[in-house]
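Colleague: The following block contains the structure, expressed as structure tokens.
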Amino acid sequence: MIGKWALRLGALGYLAFLLLVPVGLVFYRTFEHSFHPAWAAVTNPQALHALWLTLLIAAIAVPLNTLFGVTLAIALVRHRFPGRELVNAIVDLPLALSPVVVGLSLYLLYGTSGWLSGLADHGIKILFALPGMILATIFVSLPFVVREVVPVLREIGTDQEQAAETLGAAPLTVFRRITLPAIRWAVCYGVVLTTARAIGEFGAVSIVSGRIEGKTETLPLYVQSQFEGFNTTGAFAASVVLALIAATTVMAMRLFRPKGEA
Amino acid sequence: MATSPAAAVARPAGLAGRMGGGIARGMAIGYLSLIVLVPLAALVWSSRANGLGTFWDEVTKAEAASALKLTVVVSLLVAAFNAMAGTAIAWVLVRDSFPGKGFANAVIDLPFALPTIVAGLVLLELYGPNSPFGVDLAFQRTGLVLALLFVTLPFVVRAVQPVLLELDREMEEAAASLGARRFDVFRRIVFPNLLPAILSGVALAFARAVGEFGSVVLISGNIPFKTEVSSVYISGQIESGNAAGAAAVSVVLLLISLAVLLAIGAFRHWMTRDR
């Protein structure tokens, strides 16, 4: 009995002091004096622009990764093609790779002596601008939809799809009427994970954006610039906004989590 | 010709659809290559642009080598600690019951959902110079470890939980009825079943720790030879204009990531083979 209590206390104490108390303290510090300075800190033009940019990037990266993620998952599970194992491995790579390495790779590809530096000469600015930040965000958040949809596709098998096909349904109809309803919760869960990663991304975006205040600064970059500029109120208030988004994400994760995964 | 009207209509549409499927597949693979492969190829290309000698010099430069060593050692430490703490937390969340268990379970996802820079900031506030506990772990290796423990928390817990949920209790009950002590039941029956899941969680945690940037950048202070990890070193080299040095160390991190993914593939194979 003592062992059970010790284990429970140890596990919960660890969670409390590693996660809850630190996050709680920043909420407390933000509103310590009053609500107004914090509100002013997140509604100034620079903070609002950072929030807008963060949401804009997510609004572009998430639908693209969802569309191509579902297509890739179907290709990986339902089709045999040369290089399939390689594609499977590449999909996982962003999960295990440092965001700084991702940022540097894009920096070298589109930078002054990179293979695609020619784009800048034609007036297409990738680096230190929105396109580069979107590319970096797509890279780091790419695996989630694929990884959630693949196991569900494997589990449902092809019986129903084949039956529909035999009855004369066109492939797109089979997808819309049979496959999509079966994978929709997995897609939702993948979208939640992708969105969380896209909104929170720091390392990769920090390198490709050049961190130009009021221009290429996302909300996570704003947190750092305010903290380093000794505006802790601003850094804390923006952190609280991001933490509230994270809390919403966690709730959405509980809603869509596949069965059997606790 | 006894073809039904439906099939006669469906066939051309089916062909067009199949072609459409092929095009969609090709586009998706093209997208993957353009987003992931081409930039990484550019990285590897740049790292060896000035010859292998330069690559080696950059990797073995005192500051770079020290950062790499610190990164690997600290990440191994953090991964090993996660093996224990993560398994214990998963055990408590599956086998124990107490008020607020659903909340505790949800909190595990927080490090995933919280932006890493915010994670670093909140840890610095609680364990840094303004700590209400009177400890100051900022600019120290302990602070670095703390940040990495925060961001890697979910991996082992979430890998072990489903396996523990599915585990048949009958084996444990049989062992217990034959007189095995609780710890022996865990060691001889439960642990071997969890091991592949623990290992794949540990591998992911290790990979995450090796590459982590956002959460360590504020709390570690980035002091060369003391608290500077590779990701921070790379970002510093980019800012000071040494792209070759940044690329060389990045290629080493890329190789570590690939090795970890290979290991995880092997653990997964092991897990499914046993069933």
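Residue numbering restarts at 1 for every chain of the structure tokens, chains are lettered A, B, ... in their displayed order, and ligands are numbered from 1 as they appear.
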When you get a sec, could you note down which chain B residues fall within 7 Å of chain A, using only C-alpha atoms, as a compact mmCIF listing (two decimals) with N, CA and C atoms, in the first residue's frame?

Modeller:
```txt
# COMPACT_ATOMS: atom_id res chain seq x y z
N ALA B 6 -24.90 0.51 -65.50
CA ALA B 6 -24.10 1.15 -64.44
C ALA B 6 -22.62 0.96 -64.69
N ALA B 7 -22.24 -0.30 -65.03
CA ALA B 7 -20.83 -0.59 -65.24
C ALA B 7 -20.31 0.15 -66.47
N ALA B 10 -19.72 3.52 -65.38
CA ALA B 10 -18.68 3.64 -64.34
C ALA B 10 -17.28 3.48 -64.92
N ALA B 13 -15.31 6.60 -66.04
CA ALA B 13 -15.09 7.43 -64.86
C ALA B 13 -14.02 6.80 -63.97
N GLY B 14 -14.07 5.44 -63.86
CA GLY B 14 -13.09 4.73 -63.04
C GLY B 14 -11.68 4.95 -63.55
N GLY B 17 -10.67 8.38 -62.82
CA GLY B 17 -10.44 8.48 -61.38
C GLY B 17 -9.10 7.88 -60.99
N ARG B 18 -8.80 6.71 -61.60
CA ARG B 18 -7.52 6.07 -61.27
C ARG B 18 -6.35 6.94 -61.70
N ALA B 24 -2.63 12.61 -58.07
CA ALA B 24 -2.65 13.08 -56.68
C ALA B 24 -1.47 12.51 -55.91
N ARG B 25 -1.22 11.20 -56.12
CA ARG B 25 -0.10 10.55 -55.44
C ARG B 25 1.22 11.18 -55.84
N ALA B 28 1.60 14.54 -54.21
CA ALA B 28 1.88 14.45 -52.78
C ALA B 28 3.34 14.10 -52.54
N ILE B 35 9.38 20.02 -49.98
CA ILE B 35 9.39 20.59 -48.64
C ILE B 35 10.54 20.05 -47.80
N VAL B 36 10.78 18.73 -47.88
CA VAL B 36 11.73 18.11 -46.96
C VAL B 36 13.07 17.76 -47.63
N PRO B 39 15.57 20.85 -49.37
CA PRO B 39 16.34 21.63 -48.39
C PRO B 39 17.42 20.82 -47.69
N LEU B 40 17.11 19.56 -47.33
CA LEU B 40 18.12 18.75 -46.64
C LEU B 40 19.28 18.42 -47.57
N ALA B 42 20.29 20.38 -49.90
CA ALA B 42 21.07 21.62 -49.96
C ALA B 42 21.98 21.73 -48.73
N LEU B 43 21.47 21.30 -47.58
CA LEU B 43 22.27 21.34 -46.35
C LEU B 43 23.50 20.44 -46.47
N ALA B 88 6.64 5.11 -14.83
CA ALA B 88 5.94 5.25 -13.55
C ALA B 88 4.65 6.06 -13.73
N ILE B 89 4.73 7.17 -14.50
CA ILE B 89 3.55 8.01 -14.71
C ILE B 89 2.48 7.23 -15.48
N VAL B 92 0.78 4.82 -13.12
CA VAL B 92 -0.16 5.50 -12.22
C VAL B 92 -1.43 5.88 -12.99
N ALA B 106 -4.65 14.56 -19.05
CA ALA B 106 -4.68 15.60 -20.07
C ALA B 106 -3.42 16.47 -20.01
N ASP B 109 -0.21 16.12 -22.20
CA ASP B 109 -0.10 16.66 -23.55
C ASP B 109 0.39 18.10 -23.58
N LEU B 110 0.41 18.75 -22.41
CA LEU B 110 0.75 20.17 -22.37
C LEU B 110 2.11 20.50 -23.01
N ALA B 113 1.68 20.77 -26.66
CA ALA B 113 0.86 21.87 -27.16
C ALA B 113 1.46 23.24 -26.87
N LEU B 114 2.28 23.32 -25.83
CA LEU B 114 2.83 24.63 -25.43
C LEU B 114 4.05 24.98 -26.29
N PRO B 115 4.06 26.18 -26.89
CA PRO B 115 5.25 26.57 -27.66
C PRO B 115 6.52 26.46 -26.80
N THR B 116 7.62 25.99 -27.42
CA THR B 116 8.82 25.72 -26.64
C THR B 116 9.38 26.97 -25.97
N ILE B 117 9.24 28.12 -26.63
CA ILE B 117 9.79 29.34 -26.02
C ILE B 117 9.02 29.68 -24.74
N VAL B 118 7.72 29.40 -24.72
CA VAL B 118 6.91 29.62 -23.52
C VAL B 118 7.33 28.63 -22.42
N VAL B 122 8.48 29.87 -18.72
CA VAL B 122 7.83 29.53 -17.45
C VAL B 122 8.79 28.81 -16.51
N LEU B 123 9.68 27.99 -17.06
CA LEU B 123 10.66 27.30 -16.20
C LEU B 123 11.65 28.30 -15.62
N LEU B 126 10.10 30.06 -12.64
CA LEU B 126 9.97 29.30 -11.40
C LEU B 126 11.32 28.87 -10.83
N PHE B 150 11.06 18.81 -19.44
CA PHE B 150 9.73 19.38 -19.72
C PHE B 150 9.26 18.98 -21.11
N GLN B 161 1.46 3.85 -22.27
CA GLN B 161 0.05 3.79 -21.86
C GLN B 161 -0.80 2.79 -22.65
N PRO B 162 -0.83 2.87 -24.01
CA PRO B 162 -1.71 1.94 -24.71
C PRO B 162 -1.33 0.47 -24.52
N LEU B 204 12.48 8.48 -29.14
CA LEU B 204 11.88 9.75 -29.58
C LEU B 204 12.26 10.89 -28.65
N ALA B 207 15.81 11.90 -29.43
CA ALA B 207 15.90 12.71 -30.65
C ALA B 207 15.41 14.13 -30.38
N ARG B 208 14.32 14.24 -29.65
CA ARG B 208 13.76 15.55 -29.35
C ARG B 208 14.75 16.38 -28.51
N GLY B 211 17.72 17.77 -30.53
CA GLY B 211 17.44 18.88 -31.42
C GLY B 211 16.82 20.09 -30.76
N GLU B 212 16.47 19.99 -29.47
CA GLU B 212 15.68 21.04 -28.82
C GLU B 212 16.38 22.40 -28.84
N PHE B 213 15.58 23.44 -29.11
CA PHE B 213 16.15 24.79 -29.20
C PHE B 213 15.36 25.79 -28.35
N GLY B 214 14.07 25.95 -28.67
CA GLY B 214 13.27 27.01 -28.06
C GLY B 214 13.27 27.04 -26.54
N SER B 231 22.17 22.85 -30.99
CA SER B 231 21.21 23.65 -31.74
C SER B 231 21.48 25.14 -31.54
N SER B 235 22.69 28.01 -34.34
CA SER B 235 22.04 29.31 -34.54
C SER B 235 23.04 30.46 -34.36
N SER B 250 25.07 20.67 -38.24
CA SER B 250 23.70 20.26 -38.58
C SER B 250 23.67 18.88 -39.21
N LEU B 254 21.59 15.69 -38.14
CA LEU B 254 20.74 14.97 -39.10
C LEU B 254 21.03 13.47 -39.06
N SER B 257 19.48 11.95 -36.03
CA SER B 257 18.04 11.78 -36.22
C SER B 257 17.73 10.55 -37.05
```

Colleague: Which neighbours of Ile134 of chain A fall inside 8 Å, counting only C-alpha atoms, when residues of the same chain fewer than 5 positions from it are skipped, and could you give them as a list in words?

Modeller: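 Residues near the query, excluding close chain neighbours: Ile57, Ile60 and Ala61 of chain A.
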
Colleague: Quick one: residues within 8 Å of Leu194 of chain B, only C-alpha atoms counted, chain neighbours fewer than 4 positions away excluded, as a list in words?

Modeller: Val160, Val163, Leu164, Val190 and Ile198 of chain B

Colleague: How about saving the chosen residues, N, CA and C atoms kept, as a tab-separated table (two decimals), in the first residue's frame?

Modeller:
```tsv
chain	number	residue	atom	x	y	z
B	160	VAL	N	3.91	4.06	-23.62
B	160	VAL	CA	3.68	2.93	-22.71
B	160	VAL	C	2.20	2.74	-22.40
B	163	VAL	N	-0.01	0.20	-24.42
B	163	VAL	CA	0.43	-1.18	-24.23
B	163	VAL	C	-0.01	-1.68	-22.86
B	164	LEU	N	0.11	-0.81	-21.86
B	164	LEU	CA	-0.27	-1.17	-20.49
B	164	LEU	C	-1.79	-1.40	-20.40
B	190	VAL	N	5.39	-7.82	-16.42
B	190	VAL	CA	4.94	-6.56	-17.04
B	190	VAL	C	6.07	-5.93	-17.86
B	198	ILE	N	8.69	1.23	-24.24
B	198	ILE	CA	9.57	2.13	-23.49
B	198	ILE	C	10.72	2.59	-24.37
```

Colleague: Could you tell me how far atom CA of Glu63 of chain B lies from atom CA of Ile219 of chain B, in Å and to one decimal?

Modeller: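 Here the two named atoms are 19.4 Å from each other.
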
Colleague: What's the 12 Å shell around Phe139 of chain B, counting only C-alpha atoms, without same-chain residues fewer than 3 positions away, as a PyMOL selection string?

Modeller: chain B and resi 124+127-129+136+142-147+216-228

Colleague: One decimal, Å: what's the distance from atom CA of Val94 of chain B over to atom CA of Arg257 of chain A, could you say?

Modeller: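 The value is 16.1 Å.
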
Colleague: Pick out the residues sitting within 9 Å of Val74 of chain B, and hand them over as a compact mmCIF listing (two decimals) with N, CA and C atoms, in the first residue's frame; count only C-alpha atoms, and ignore anything fewer than 3 positions along from it in its own chain.

Modeller:
```txt
# COMPACT_ATOMS: atom_id res chain seq x y z
N LYS B 69 29.15 17.15 -27.59
CA LYS B 69 29.32 16.19 -26.51
C LYS B 69 28.27 16.46 -25.41
N LEU B 70 28.14 17.74 -25.05
CA LEU B 70 27.15 18.11 -24.03
C LEU B 70 25.74 17.69 -24.47
N THR B 71 25.42 17.97 -25.74
CA THR B 71 24.09 17.64 -26.26
C THR B 71 23.80 16.15 -26.12
N LEU B 77 21.04 11.29 -20.72
CA LEU B 77 20.62 11.37 -19.31
C LEU B 77 19.12 11.60 -19.21
N VAL B 78 18.63 12.58 -19.99
CA VAL B 78 17.21 12.93 -19.98
C VAL B 78 16.37 11.76 -20.48
N ALA B 79 16.85 11.07 -21.54
CA ALA B 79 16.10 9.94 -22.09
C ALA B 79 16.03 8.81 -21.06
N ARG B 141 23.80 23.78 -16.10
CA ARG B 141 23.41 22.55 -16.79
C ARG B 141 22.13 21.96 -16.20
N LEU B 144 19.28 23.39 -17.97
CA LEU B 144 19.19 22.76 -19.30
C LEU B 144 18.45 21.43 -19.22
N VAL B 145 18.83 20.61 -18.22
CA VAL B 145 18.20 19.30 -18.03
C VAL B 145 16.70 19.47 -17.76
N LEU B 148 14.78 20.22 -20.89
CA LEU B 148 14.65 19.04 -21.74
C LEU B 148 13.67 18.03 -21.14
N ALA B 209 15.38 15.72 -27.52
CA ALA B 209 16.33 16.42 -26.65
C ALA B 209 17.55 16.90 -27.44
N VAL B 210 18.03 16.05 -28.35
CA VAL B 210 19.21 16.41 -29.14
C VAL B 210 18.94 17.67 -29.97
```

Colleague: Any idea what's packed within 12 Å of Glu213 of chain A, counting only C-alpha atoms, ignoring anything in its chain fewer than 2 positions away? Could you give it as a PyMOL selection string?

Modeller: chain A and resi 45-50+53+128-129+206+209-211+215-219+221-226

Colleague: Those same residues, written as a PDB file, in the first residue's frame with C-alpha atoms?

Modeller:
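Contents of again-v7.pdb, as written:
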```pdb
ATOM      1  CA  PRO A  45       0.245  46.958 -32.830  1.00  0.00           C
ATOM      2  CA  GLN A  46       3.462  44.887 -32.703  1.00  0.00           C
ATOM      3  CA  ALA A  47       1.868  42.104 -30.624  1.00  0.00           C
ATOM      4  CA  LEU A  48      -1.308  42.090 -32.706  1.00  0.00           C
ATOM      5  CA  HIS A  49       0.720  41.857 -35.904  1.00  0.00           C
ATOM      6  CA  ALA A  50       2.674  38.934 -34.435  1.00  0.00           C
ATOM      7  CA  LEU A  53       1.103  36.500 -38.650  1.00  0.00           C
ATOM      8  CA  PHE A 128      13.270  36.775 -44.261  1.00  0.00           C
ATOM      9  CA  ALA A 129       9.715  36.915 -45.584  1.00  0.00           C
ATOM     10  CA  SER A 206      13.449  32.113 -35.997  1.00  0.00           C
ATOM     11  CA  SER A 209      12.358  34.950 -40.676  1.00  0.00           C
ATOM     12  CA  GLY A 210      15.297  37.167 -39.794  1.00  0.00           C
ATOM     13  CA  ARG A 211      13.123  38.324 -36.856  1.00  0.00           C
ATOM     14  CA  LYS A 215       7.197  42.408 -40.131  1.00  0.00           C
ATOM     15  CA  THR A 216       8.350  38.798 -39.789  1.00  0.00           C
ATOM     16  CA  GLU A 217       7.830  38.330 -36.069  1.00  0.00           C
ATOM     17  CA  THR A 218       5.405  35.583 -35.008  1.00  0.00           C
ATOM     18  CA  LEU A 219       3.983  35.412 -31.490  1.00  0.00           C
ATOM     19  CA  LEU A 221       9.363  35.164 -31.614  1.00  0.00           C
ATOM     20  CA  TYR A 222       7.651  38.168 -30.015  1.00  0.00           C
ATOM     21  CA  VAL A 223       7.850  36.421 -26.613  1.00  0.00           C
ATOM     22  CA  GLN A 224      11.611  36.087 -26.994  1.00  0.00           C
ATOM     23  CA  SER A 225      12.225  39.610 -28.297  1.00  0.00           C
ATOM     24  CA  GLN A 226      10.156  41.162 -25.479  1.00  0.00           C
TER      25      GLN A 226
END
```

Colleague: Work out how far apart atom CA of Leu153 of chain B and atom CA of Ala85 of chain B are and give it in Å to one decimal.

Modeller: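 According to the coordinates, atom CA of Leu153 of chain B and atom CA of Ala85 of chain B are separated by 8.6 Å.
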
Colleague: Would you mind telling me which residue in B:Phe206, B:Val229, B:Leu93, B:Leu199 lies nearest to Ser66 of chain B when using only C-alpha atoms?

Modeller: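 Checking each of B:Phe206, B:Val229, B:Leu93, B:Leu199 against Ser66 of chain B, counting only C-alpha atoms, the winner is B:Val229.
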
Colleague: Using only C-alpha atoms, determine which residues lie at most 12 Å from Phe186 of chain B, disregarding the query and same-chain residues fewer than 4 positions distant; provide the list as an MDAnalysis selection string.

Modeller: chainID B and resid 87:88 91 164 169 171:173 175:176 180:182 190:195
